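Trainee: Structure file query00.cif, mmCIF, C-alpha atoms and all ligand atoms, is pasted below:
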```
data_run
#
loop_
_atom_site.label_atom_id
_atom_site.label_comp_id
_atom_site.auth_asym_id
_atom_site.auth_seq_id
_atom_site.Cartn_x
_atom_site.Cartn_y
_atom_site.Cartn_z
CA MET A 1 -72.35 98.64 15.24
CA ALA A 2 -71.74 97.45 18.75
CA ASP A 3 -71.85 93.73 19.42
CA THR A 4 -75.11 93.12 21.25
CA ARG A 5 -74.35 89.47 21.81
CA ILE A 6 -74.03 88.18 25.36
CA TYR A 7 -71.08 85.91 26.04
CA VAL A 8 -71.64 83.72 29.09
CA ASP A 9 -69.25 80.87 28.32
CA HIS A 10 -66.19 82.07 30.23
CA GLY A 11 -65.71 78.56 31.60
CA ALA A 12 -64.76 77.49 28.06
CA THR A 13 -62.54 80.45 27.31
CA THR A 14 -62.37 84.18 27.95
CA PRO A 15 -61.86 87.11 25.62
CA THR A 16 -58.25 88.28 25.67
CA ASP A 17 -57.92 91.45 27.74
CA PRO A 18 -56.80 94.31 25.43
CA ARG A 19 -54.01 95.12 27.91
CA VAL A 20 -52.76 91.56 27.49
CA VAL A 21 -52.75 91.91 23.70
CA GLU A 22 -50.78 95.13 24.03
CA ALA A 23 -48.19 93.46 26.25
CA MET A 24 -47.82 90.60 23.75
CA LEU A 25 -47.51 92.60 20.53
CA PRO A 26 -43.82 93.56 20.73
CA PHE A 27 -42.97 89.87 21.20
CA LEU A 28 -44.83 88.99 18.01
CA THR A 29 -42.94 91.67 16.10
CA GLU A 30 -39.57 93.25 16.87
CA LYS A 31 -38.81 91.28 20.06
CA PHE A 32 -38.88 87.93 18.32
CA GLY A 33 -35.82 86.36 19.90
CA ASN A 34 -35.48 82.78 21.11
CA ALA A 35 -35.25 82.84 24.91
CA GLY A 36 -32.46 80.26 24.64
CA SER A 37 -30.17 82.41 22.48
CA VAL A 38 -27.14 84.20 23.97
CA HIS A 39 -27.38 87.43 21.96
CA GLN A 40 -29.43 90.51 22.84
CA PHE A 41 -32.54 89.29 21.00
CA GLY A 42 -32.44 86.17 23.11
CA GLN A 43 -31.72 88.02 26.34
CA GLU A 44 -34.68 90.30 25.75
CA ALA A 45 -36.98 87.31 25.31
CA ARG A 46 -35.44 85.54 28.32
CA ALA A 47 -35.97 88.59 30.53
CA ALA A 48 -39.64 88.77 29.50
CA VAL A 49 -40.18 85.06 30.19
CA ASP A 50 -38.48 85.39 33.58
CA GLN A 51 -40.62 88.37 34.48
CA ALA A 52 -43.82 86.49 33.62
CA ARG A 53 -42.55 83.53 35.61
CA GLU A 54 -42.05 85.75 38.66
CA VAL A 55 -45.54 87.23 38.41
CA ILE A 56 -47.16 83.80 38.08
CA ALA A 57 -45.04 82.26 40.85
CA SER A 58 -45.81 85.01 43.32
CA ALA A 59 -49.52 84.86 42.40
CA ILE A 60 -49.69 81.34 43.85
CA GLY A 61 -47.08 81.65 46.59
CA ALA A 62 -44.40 79.72 44.69
CA THR A 63 -40.83 80.52 43.68
CA PRO A 64 -40.03 81.16 39.99
CA GLN A 65 -37.94 77.97 39.82
CA GLU A 66 -41.09 75.98 40.65
CA ILE A 67 -43.01 77.17 37.55
CA VAL A 68 -42.77 75.23 34.28
CA PHE A 69 -44.50 76.76 31.26
CA THR A 70 -46.60 74.40 29.16
CA SER A 71 -48.98 74.61 26.21
CA GLY A 72 -51.95 74.89 28.57
CA ALA A 73 -53.65 73.11 31.42
CA THR A 74 -54.16 69.91 29.43
CA GLU A 75 -50.41 69.51 29.09
CA ALA A 76 -49.87 70.56 32.71
CA ASP A 77 -52.35 67.89 33.87
CA ASN A 78 -50.76 65.20 31.69
CA PHE A 79 -47.32 66.23 32.92
CA ALA A 80 -48.43 66.07 36.56
CA VAL A 81 -50.21 62.72 36.32
CA LEU A 82 -47.82 60.86 34.03
CA GLY A 83 -44.69 62.51 35.44
CA ALA A 84 -45.60 61.71 39.05
CA ALA A 85 -46.66 58.15 38.22
CA TRP A 86 -43.58 57.30 36.16
CA ALA A 87 -41.12 58.84 38.61
CA ASN A 88 -42.55 56.91 41.54
CA GLU A 89 -43.70 53.60 40.10
CA THR A 90 -40.99 51.63 41.87
CA ARG A 91 -42.60 52.81 45.14
CA GLY A 92 -46.13 51.98 44.10
CA ARG A 93 -48.66 51.97 41.30
CA HIS A 94 -51.80 53.29 42.98
CA ILE A 95 -53.41 56.64 42.12
CA ILE A 96 -56.36 58.40 43.75
CA THR A 97 -58.47 60.93 41.88
CA SER A 98 -62.10 62.03 41.82
CA THR A 99 -64.97 61.17 39.51
CA ILE A 100 -65.46 64.84 38.53
CA GLU A 101 -62.00 65.70 37.23
CA HIS A 102 -61.47 67.34 33.87
CA HIS A 103 -60.75 64.92 31.02
CA ALA A 104 -57.20 66.29 30.98
CA VAL A 105 -56.70 64.44 34.30
CA LEU A 106 -59.08 61.51 33.81
CA GLU A 107 -57.66 60.45 30.46
CA PRO A 108 -53.97 60.21 31.46
CA VAL A 109 -55.15 58.41 34.61
CA ARG A 110 -57.12 55.94 32.46
CA PHE A 111 -54.10 55.49 30.25
CA LEU A 112 -52.02 54.56 33.30
CA GLN A 113 -54.79 52.21 34.40
CA SER A 114 -54.53 50.46 31.03
CA ARG A 115 -50.80 50.04 31.75
CA GLY A 116 -51.36 48.32 35.08
CA PHE A 117 -51.77 51.15 37.58
CA ASP A 118 -54.57 50.80 40.14
CA VAL A 119 -56.90 53.78 40.41
CA SER A 120 -59.38 54.75 43.13
CA TYR A 121 -62.01 57.25 42.02
CA LEU A 122 -63.41 59.27 44.92
CA PRO A 123 -67.17 59.82 44.77
CA VAL A 124 -68.75 63.24 45.37
CA ASP A 125 -71.88 64.31 47.21
CA ARG A 126 -74.89 65.83 45.45
CA TYR A 127 -73.14 69.21 45.38
CA GLY A 128 -70.07 67.72 43.76
CA ARG A 129 -67.82 67.78 46.84
CA VAL A 130 -65.25 65.13 47.65
CA ASP A 131 -65.28 63.93 51.27
CA PRO A 132 -61.77 63.96 52.82
CA ASP A 133 -62.81 60.90 54.87
CA ASP A 134 -63.26 58.97 51.64
CA LEU A 135 -59.77 60.00 50.67
CA ARG A 136 -58.38 58.88 54.02
CA ALA A 137 -59.98 55.47 53.47
CA ALA A 138 -58.65 55.19 49.93
CA ILE A 139 -54.99 55.84 50.76
CA ARG A 140 -52.81 52.71 50.56
CA ALA A 141 -49.17 51.96 51.18
CA ASP A 142 -48.56 51.98 47.42
CA THR A 143 -50.41 55.25 46.68
CA VAL A 144 -48.05 57.56 44.79
CA LEU A 145 -50.35 60.34 43.58
CA ILE A 146 -53.57 62.09 44.59
CA SER A 147 -55.20 64.44 42.08
CA VAL A 148 -58.29 66.44 43.05
CA MET A 149 -59.28 69.64 41.26
CA HIS A 150 -59.59 72.99 43.03
CA ALA A 151 -62.79 74.13 41.29
CA ASN A 152 -64.95 72.12 38.94
CA ASN A 153 -65.30 73.57 35.47
CA GLU A 154 -68.88 72.39 34.89
CA ILE A 155 -70.76 72.94 38.13
CA GLY A 156 -68.35 75.39 39.78
CA THR A 157 -68.03 73.48 43.06
CA LEU A 158 -64.93 74.22 45.14
CA GLU A 159 -63.18 71.16 46.54
CA PRO A 160 -61.61 70.83 50.02
CA VAL A 161 -58.12 70.73 48.51
CA ALA A 162 -56.31 72.15 51.56
CA GLU A 163 -57.64 69.32 53.74
CA ILE A 164 -56.80 66.71 51.12
CA GLY A 165 -53.37 68.26 50.63
CA ARG A 166 -52.60 68.00 54.33
CA LEU A 167 -53.57 64.32 54.37
CA ALA A 168 -51.40 63.67 51.34
CA ARG A 169 -48.42 65.47 52.83
CA GLU A 170 -48.71 63.60 56.14
CA ARG A 171 -48.41 60.38 54.18
CA GLY A 172 -45.67 61.62 51.85
CA ILE A 173 -47.87 61.22 48.76
CA LEU A 174 -47.62 63.66 45.86
CA MET A 175 -50.69 65.88 45.61
CA HIS A 176 -51.82 67.51 42.37
CA THR A 177 -54.64 69.97 41.88
CA ASP A 178 -56.04 71.39 38.65
CA ALA A 179 -56.64 75.04 39.55
CA THR A 180 -57.36 76.21 36.01
CA GLN A 181 -60.77 77.59 36.95
CA SER A 182 -59.76 79.28 40.19
CA VAL A 183 -56.34 80.90 39.63
CA GLY A 184 -56.82 84.65 39.28
CA ILE A 185 -60.37 84.79 40.59
CA LEU A 186 -60.00 83.12 44.01
CA PRO A 187 -56.98 83.10 46.33
CA VAL A 188 -54.77 80.16 45.36
CA HIS A 189 -51.70 79.57 47.50
CA VAL A 190 -49.69 76.40 47.06
CA GLY A 191 -48.54 76.48 50.68
CA ALA A 192 -52.04 76.90 52.11
CA LEU A 193 -53.35 74.17 49.81
CA ALA A 194 -50.40 71.90 50.65
CA VAL A 195 -50.07 70.77 47.05
CA ASP A 196 -46.96 69.61 45.20
CA LEU A 197 -48.31 70.08 41.70
CA LEU A 198 -50.80 72.65 40.39
CA SER A 199 -52.08 73.23 36.85
CA MET A 200 -53.09 76.55 35.31
CA SER A 201 -54.06 77.96 31.94
CA ALA A 202 -53.91 81.52 30.59
CA HIS A 203 -56.99 81.53 28.38
CA LYS A 204 -59.42 80.97 31.25
CA ARG A 205 -58.22 84.25 32.78
CA TYR A 206 -58.27 86.69 29.83
CA GLY A 207 -54.89 85.58 28.50
CA PRO A 208 -54.00 83.87 25.21
CA LYS A 209 -54.80 80.27 24.31
CA GLY A 210 -52.09 77.64 24.12
CA VAL A 211 -50.12 78.56 27.23
CA GLY A 212 -50.29 77.45 30.82
CA ALA A 213 -48.03 76.25 33.58
CA LEU A 214 -47.40 73.46 36.02
CA TYR A 215 -46.22 74.33 39.50
CA ILE A 216 -43.80 71.66 40.70
CA ARG A 217 -42.87 72.01 44.37
CA LYS A 218 -39.12 72.07 44.92
CA GLY A 219 -37.81 68.57 45.52
CA SER A 220 -40.86 66.76 44.11
CA ASN A 221 -40.05 63.61 42.21
CA VAL A 222 -41.71 64.15 38.83
CA ALA A 223 -40.42 62.74 35.56
CA ARG A 224 -40.33 64.82 32.43
CA VAL A 225 -42.92 63.92 29.85
CA GLN A 226 -41.85 66.01 26.88
CA HIS A 227 -38.30 65.10 25.89
CA GLY A 228 -35.91 67.13 23.77
CA GLY A 229 -33.91 70.23 24.60
CA SER A 230 -33.04 71.37 28.09
CA HIS A 231 -35.63 74.14 28.28
CA GLU A 232 -37.42 75.00 31.51
CA ARG A 233 -34.54 73.69 33.65
CA ASN A 234 -34.62 70.44 31.76
CA ARG A 235 -38.22 69.74 32.73
CA ARG A 236 -40.12 70.54 29.55
CA ALA A 237 -38.48 70.55 26.14
CA GLY A 238 -39.49 72.99 23.43
CA THR A 239 -38.79 76.62 22.53
CA GLU A 240 -40.67 78.87 24.94
CA ASN A 241 -43.77 80.52 23.44
CA VAL A 242 -42.54 83.96 24.42
CA PRO A 243 -45.51 86.13 23.32
CA ALA A 244 -47.97 83.74 24.95
CA ILE A 245 -45.95 83.53 28.17
CA VAL A 246 -45.74 87.33 28.31
CA GLY A 247 -49.51 87.48 27.79
CA PHE A 248 -50.05 84.89 30.52
CA GLY A 249 -47.98 86.99 32.94
CA ALA A 250 -49.85 90.17 32.02
CA ALA A 251 -53.21 88.41 32.40
CA ILE A 252 -52.33 87.12 35.86
CA ALA A 253 -50.99 90.51 36.96
CA ILE A 254 -54.27 92.16 35.90
CA ALA A 255 -56.35 89.41 37.49
CA LEU A 256 -54.54 89.73 40.83
CA ASP A 257 -54.91 93.47 40.76
CA CYS A 258 -58.70 93.36 40.47
CA MET A 259 -59.39 89.92 41.98
CA SER A 260 -61.45 90.69 45.05
CA ASP A 261 -63.56 93.36 43.31
CA GLU A 262 -64.09 91.16 40.29
CA ALA A 263 -65.00 88.15 42.40
CA ALA A 264 -67.49 90.20 44.43
CA ARG A 265 -69.07 91.64 41.29
CA LEU A 266 -69.35 88.23 39.62
CA ARG A 267 -70.88 86.70 42.75
CA ARG A 268 -73.51 89.42 42.78
CA LEU A 269 -74.33 88.92 39.08
CA ARG A 270 -74.26 85.14 39.52
CA ASP A 271 -76.66 85.25 42.44
CA ARG A 272 -79.05 87.54 40.54
CA LEU A 273 -79.02 85.10 37.67
CA ILE A 274 -79.49 82.10 39.95
CA GLU A 275 -82.34 83.85 41.72
CA GLY A 276 -83.96 84.53 38.34
CA VAL A 277 -83.73 81.04 36.92
CA ALA A 278 -83.85 78.79 39.96
CA ARG A 279 -87.43 79.82 40.74
CA LEU A 280 -88.64 78.69 37.31
CA ASP A 281 -90.75 75.57 37.14
CA GLY A 282 -88.70 72.43 36.80
CA ALA A 283 -85.35 74.22 37.13
CA HIS A 284 -82.59 72.89 39.40
CA LEU A 285 -79.32 74.56 40.30
CA ASN A 286 -76.38 72.15 40.09
CA GLY A 287 -73.27 72.48 42.22
CA HIS A 288 -72.75 73.86 45.70
CA PRO A 289 -74.97 76.82 46.71
CA VAL A 290 -72.11 78.69 48.41
CA GLU A 291 -68.82 76.88 47.82
CA ARG A 292 -68.79 77.65 44.11
CA LEU A 293 -66.90 79.70 41.54
CA PRO A 294 -67.95 83.37 41.49
CA GLY A 295 -69.19 83.35 37.87
CA ASN A 296 -70.68 79.87 37.57
CA VAL A 297 -74.37 79.10 37.09
CA ASN A 298 -75.29 75.55 36.11
CA VAL A 299 -78.99 74.72 35.80
CA SER A 300 -80.99 71.73 34.61
CA PHE A 301 -84.38 72.36 33.04
CA GLU A 302 -86.76 69.44 33.11
CA GLY A 303 -88.44 68.67 29.81
CA ALA A 304 -86.00 70.57 27.59
CA ASP A 305 -82.75 69.38 26.05
CA SER A 306 -79.50 71.34 26.28
CA GLU A 307 -78.70 71.22 22.59
CA SER A 308 -82.03 72.88 21.68
CA ILE A 309 -81.71 75.42 24.50
CA LEU A 310 -78.21 76.38 23.35
CA LEU A 311 -79.28 76.72 19.71
CA ALA A 312 -82.28 78.85 20.68
CA LEU A 313 -80.08 81.00 22.94
CA ASP A 314 -77.55 81.40 20.16
CA LEU A 315 -80.29 82.69 17.85
CA GLN A 316 -81.01 85.27 20.55
CA GLY A 317 -77.33 86.24 20.64
CA VAL A 318 -76.59 84.43 23.87
CA ALA A 319 -73.48 82.20 23.95
CA ALA A 320 -73.69 79.55 26.68
CA SER A 321 -72.73 75.88 26.93
CA SER A 322 -74.06 72.61 28.16
CA GLY A 323 -71.18 71.77 30.42
CA SER A 324 -67.65 71.66 29.21
CA ALA A 325 -66.52 72.69 25.76
CA CYS A 326 -64.56 69.47 25.48
CA THR A 327 -67.61 67.23 25.69
CA SER A 328 -70.16 69.29 23.79
CA GLY A 329 -71.26 67.54 20.66
CA SER A 330 -71.29 64.19 22.42
CA LEU A 331 -74.66 62.84 23.48
CA GLU A 332 -73.35 61.09 26.57
CA PRO A 333 -74.48 62.73 29.82
CA SER A 334 -71.58 64.58 31.42
CA HIS A 335 -69.56 62.47 33.88
CA VAL A 336 -69.83 65.33 36.38
CA LEU A 337 -73.62 65.46 36.27
CA SER A 338 -73.80 61.67 36.58
CA ALA A 339 -71.43 61.83 39.54
CA ILE A 340 -73.70 64.24 41.44
CA GLY A 341 -76.56 61.84 40.90
CA LEU A 342 -78.53 63.52 38.11
CA GLY A 343 -80.49 61.04 36.04
CA PRO A 344 -79.90 61.15 32.28
CA GLU A 345 -83.32 62.80 31.75
CA VAL A 346 -82.56 65.78 33.97
CA ALA A 347 -78.90 65.97 32.93
CA ALA A 348 -80.05 66.23 29.31
CA GLY A 349 -81.55 69.67 30.01
CA THR A 350 -78.48 71.25 31.55
CA VAL A 351 -77.08 74.66 30.68
CA ARG A 352 -73.90 76.26 32.02
CA LEU A 353 -73.74 80.05 32.12
CA THR A 354 -70.31 81.30 33.14
CA LEU A 355 -70.00 85.04 33.71
CA GLY A 356 -66.92 87.15 33.22
CA ARG A 357 -65.17 90.49 33.30
CA TRP A 358 -67.37 92.33 30.80
CA ASN A 359 -70.82 90.98 31.67
CA THR A 360 -73.17 93.64 33.00
CA ASP A 361 -76.35 93.88 35.04
CA GLU A 362 -78.21 94.41 31.75
CA ASP A 363 -76.87 91.06 30.53
CA ILE A 364 -78.36 89.44 33.61
CA ASP A 365 -81.70 91.22 33.03
CA ASP A 366 -81.70 89.92 29.45
CA LEU A 367 -80.80 86.38 30.50
CA ARG A 368 -83.54 86.41 33.12
CA ALA A 369 -86.01 87.37 30.40
CA VAL A 370 -84.72 85.12 27.62
CA LEU A 371 -84.14 81.84 29.45
CA PRO A 372 -87.74 81.32 30.62
CA GLU A 373 -88.96 82.14 27.10
CA VAL A 374 -86.60 79.75 25.41
CA VAL A 375 -87.30 76.94 27.83
CA GLY A 376 -91.03 77.64 27.73
CA ASP A 377 -91.06 77.56 23.92
CA LEU A 378 -89.14 74.30 23.79
CA ARG A 379 -91.46 72.69 26.29
CA ALA A 380 -94.46 74.01 24.35
CA ALA A 381 -93.01 72.62 21.13
CA ALA A 382 -92.43 69.27 22.80
CA ALA A 383 -96.09 69.31 23.89
CA GLY A 384 -97.25 70.27 20.37
CA ARG A 385 -98.20 73.89 21.22
CA PRO A 386 -97.07 76.82 19.03
CA PRO A 387 -94.34 79.19 20.34
CA ARG A 388 -94.94 82.88 21.00
CA ALA A 389 -94.60 85.19 17.97
CA VAL A 390 -91.98 87.73 19.13
CA SER A 391 -89.15 87.01 21.44
CA TYR A 392 -87.68 89.37 23.98
CA ARG A 393 -84.19 89.83 22.64
CA SER A 394 -85.01 89.90 18.94
CA ALA A 395 -87.51 92.66 19.74
CA GLN A 396 -84.83 94.47 21.76
CA SER A 397 -82.00 94.24 19.29
CA SER A 398 -83.56 93.84 15.88
CA ALA A 399 -80.15 94.20 14.26
CA ARG A 400 -79.54 90.56 14.97
C1 LIG A 501 -60.06 74.46 30.46
C2 LIG A 501 -59.62 73.49 31.46
C3 LIG A 501 -58.56 72.61 31.21
C4 LIG A 501 -57.86 72.58 29.88
O1 LIG A 501 -57.08 73.74 29.71
P1 LIG A 501 -56.39 74.05 28.31
O2 LIG A 501 -55.43 75.16 28.63
O3 LIG A 501 -57.49 74.49 27.41
O4 LIG A 501 -55.69 72.84 27.83
C5 LIG A 501 -58.18 71.74 32.19
N1 LIG A 501 -58.79 71.73 33.38
C6 LIG A 501 -59.81 72.57 33.67
C7 LIG A 501 -60.44 72.51 35.02
C8 LIG A 501 -60.26 73.46 32.72
O5 LIG A 501 -61.28 74.26 33.01
#
```
For the structure just supplied, provide its representation as structure tokens.
Ligand SMILES: *Cc1c(COP(=O)(O)O)cnc(C)c1O

Mentor:
Amino acid sequence: MADTRIYVDHGATTPTDPRVVEAMLPFLTEKFGNAGSVHQFGQEARAAVDQAREVIASAIGATPQEIVFTSGATEADNFAVLGAAWANETRGRHIITSTIEHHAVLEPVRFLQSRGFDVSYLPVDRYGRVDPDDLRAAIRADTVLISVMHANNEIGTLEPVAEIGRLARERGILMHTDATQSVGILPVHVGALAVDLLSMSAHKRYGPKGVGALYIRKGSNVARVQHGGSHERNRRAGTENVPAIVGFGAAIAIALDCMSDEAARLRRLRDRLIEGVARLDGAHLNGHPVERLPGNVNVSFEGADSESILLALDLQGVAASSGSACTSGSLEPSHVLSAIGLGPEVAAGTVRLTLGRWNTDEDIDDLRAVLPEVVGDLRAAAAGRPPRAVSYRSAQSSAR
């Protein structure tokens, strides 16, 4: 029978588009060659990798030579941060980043800090936006890298990267942005953003897991981080993951093709969902009201805790998250929610609902019915009152 579950955790990962799977299959079977081999098997693989590289480069306004395939955005972020720092440390050992970056940026930055680099963490306002004036004030003569994400994965806020990029370029400082959440759903152009380094990942845009890319602007001084063979123009050693790279290319081609329609549809669904939950008692929308990712809804419910909400939603067939997949399971309040000024009490009741390609208006209707029930029941339980007998979705789809 049809899956009646509702998946609203696209910020963590997306289902692979069937067209992507189809494009990948030959490269998992008969077209198995190593893209580094000289024979026909190798040439076939090389051609497919080059084609994907062209699609991905043109999607962000880059040239194919500026794209380096990686194992995902985590590796791309590590490569950007460590590679830029190590290549330029004779010029200076100061890095600027924001307090709301993904751990894939924050952790390599912290590692460098432990090795003697100085780090300035830019604060954000209550919507999660960095102020370019704060950046201007933080720049020093020994600053060698600025890293500010394009769109935040938890609260969906879009950052003023173009403005920051221009400031960085004026000063001759390398600028990195993690655009994992925005590539393929919002226009991302490396020239318009004035960035030197940009991270992406396939599995956030209906492609396979374990593949991504780092854009490295021509002429940028970035050291290699993964040493070994001379793959990827000697910038990233390791046999190319041909099926995954082909899938990444196919996913980006599809995303570009439907981007403006998909973004408009997701915004409409998002706003219907926000309208439905934000008016509930003790509910607060986190992130920027307008400058936010098309599919992102992040709400805090007073007097309920995320873990219980997520478990109750899961029982109703709704898959959501509390913030980022990487931090779930830890009881610490998210660094992003702390950075926007949420107290631990309010942050503890936060749910992230991230919509995607196959969510429907009916999903939104269901979510608008289920969320108030779940939160109401949890609050009632906390107050020692019994929950209601029948719940909306279990009555609707008794099969689950
Ligand atoms: C998911 C995500 C990452 C990590 O990407 P992987 O490909 O899973 O390693 C990094 N940054 C952001 C903003 C993300 O959303």

Trainee: For the point (-60.4, 65.7, 34.8) in file coordinates, what residues are within 12 Å, counting only C-alpha atoms? Give the answer as a count of residues only?

Mentor: 41

Trainee: Tell me, in Å to one decimal, how far atom CA of Gly61 of chain A is from atom CA of Val188 of chain A.

Mentor: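 Result for atom CA of Gly61 of chain A versus atom CA of Val188 of chain A: 7.9 Å, one decimal.
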
Trainee: Between atom CA of Ala251 of chain A and atom CA of Arg129 of chain A, what distance in Å does the model show, to one decimal?

Mentor: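 Straight-line distance from atom CA of Ala251 of chain A to atom CA of Arg129 of chain A works out to 29.1 Å.
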
Trainee: Kindly indicate which residue among A:Leu280, A:Val211, A:Ala312, A:Val183 lies nearest to ligand LIG 501 (chain A), using all atoms listed in the file for the distances.

Mentor: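 The answer is A:Val211, which sits nearest to ligand LIG 501 (chain A).
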
Trainee: Please provide as a PyMOL selection string all residues within 7 Å of Val297 of chain A, with the sequence filter that same-chain residues fewer than 5 positions apart are discarded (counting only C-alpha atoms).

Mentor: chain A and resi 270+274+352-354

Trainee: Could you give me, as a tab-separated table, a per-residue list for segment 44-68 of chain A showing, wherever an atom lies at most 12 Å from an atom of segment 20-25 of chain A, the closest pair of atoms and their distance in Å to one decimal, using all atoms listed in the file and sorting by chain then residue number from low to high?

Mentor:
```
residue	atom	partner	partner_atom	distance
A:Ala45	CA	A:Met24	CA	11.4
A:Ala48	CA	A:Met24	CA	10.2
A:Val49	CA	A:Met24	CA	11.4
A:Ala52	CA	A:Ala23	CA	11.0
```

Trainee: Which residue out of A:Ile95, A:Ala35, A:Met200, A:Leu145 has the minimum interatomic distance to ligand LIG 501 (chain A) when all atoms listed in the file are used?

Mentor: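 Among the listed residues, the smallest separation from ligand LIG 501 (chain A) belongs to A:Met200.
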
Trainee: How far is it from atom CA of Phe32 of chain A to atom CA of Thr13 of chain A, in Å with one decimal?

Mentor: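 If I compute the distance from atom CA of Phe32 of chain A to atom CA of Thr13 of chain A, I get 26.4 Å.
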
Trainee: Counting all atoms listed in the file, what is within 10 Å of Leu28 of chain A, bar same-chain residues fewer than 5 positions away, as a PyMOL selection string?

Mentor: chain A and resi 23+33+242-244

Trainee: Show which residues sit within 8 Å of Ile364 of chain A, as an NGL selection string. Count only C-alpha atoms, and ignore same-chain residues fewer than 4 positions away.

Mentor: :A and (269 or 272-273 or 359-360 or 368)
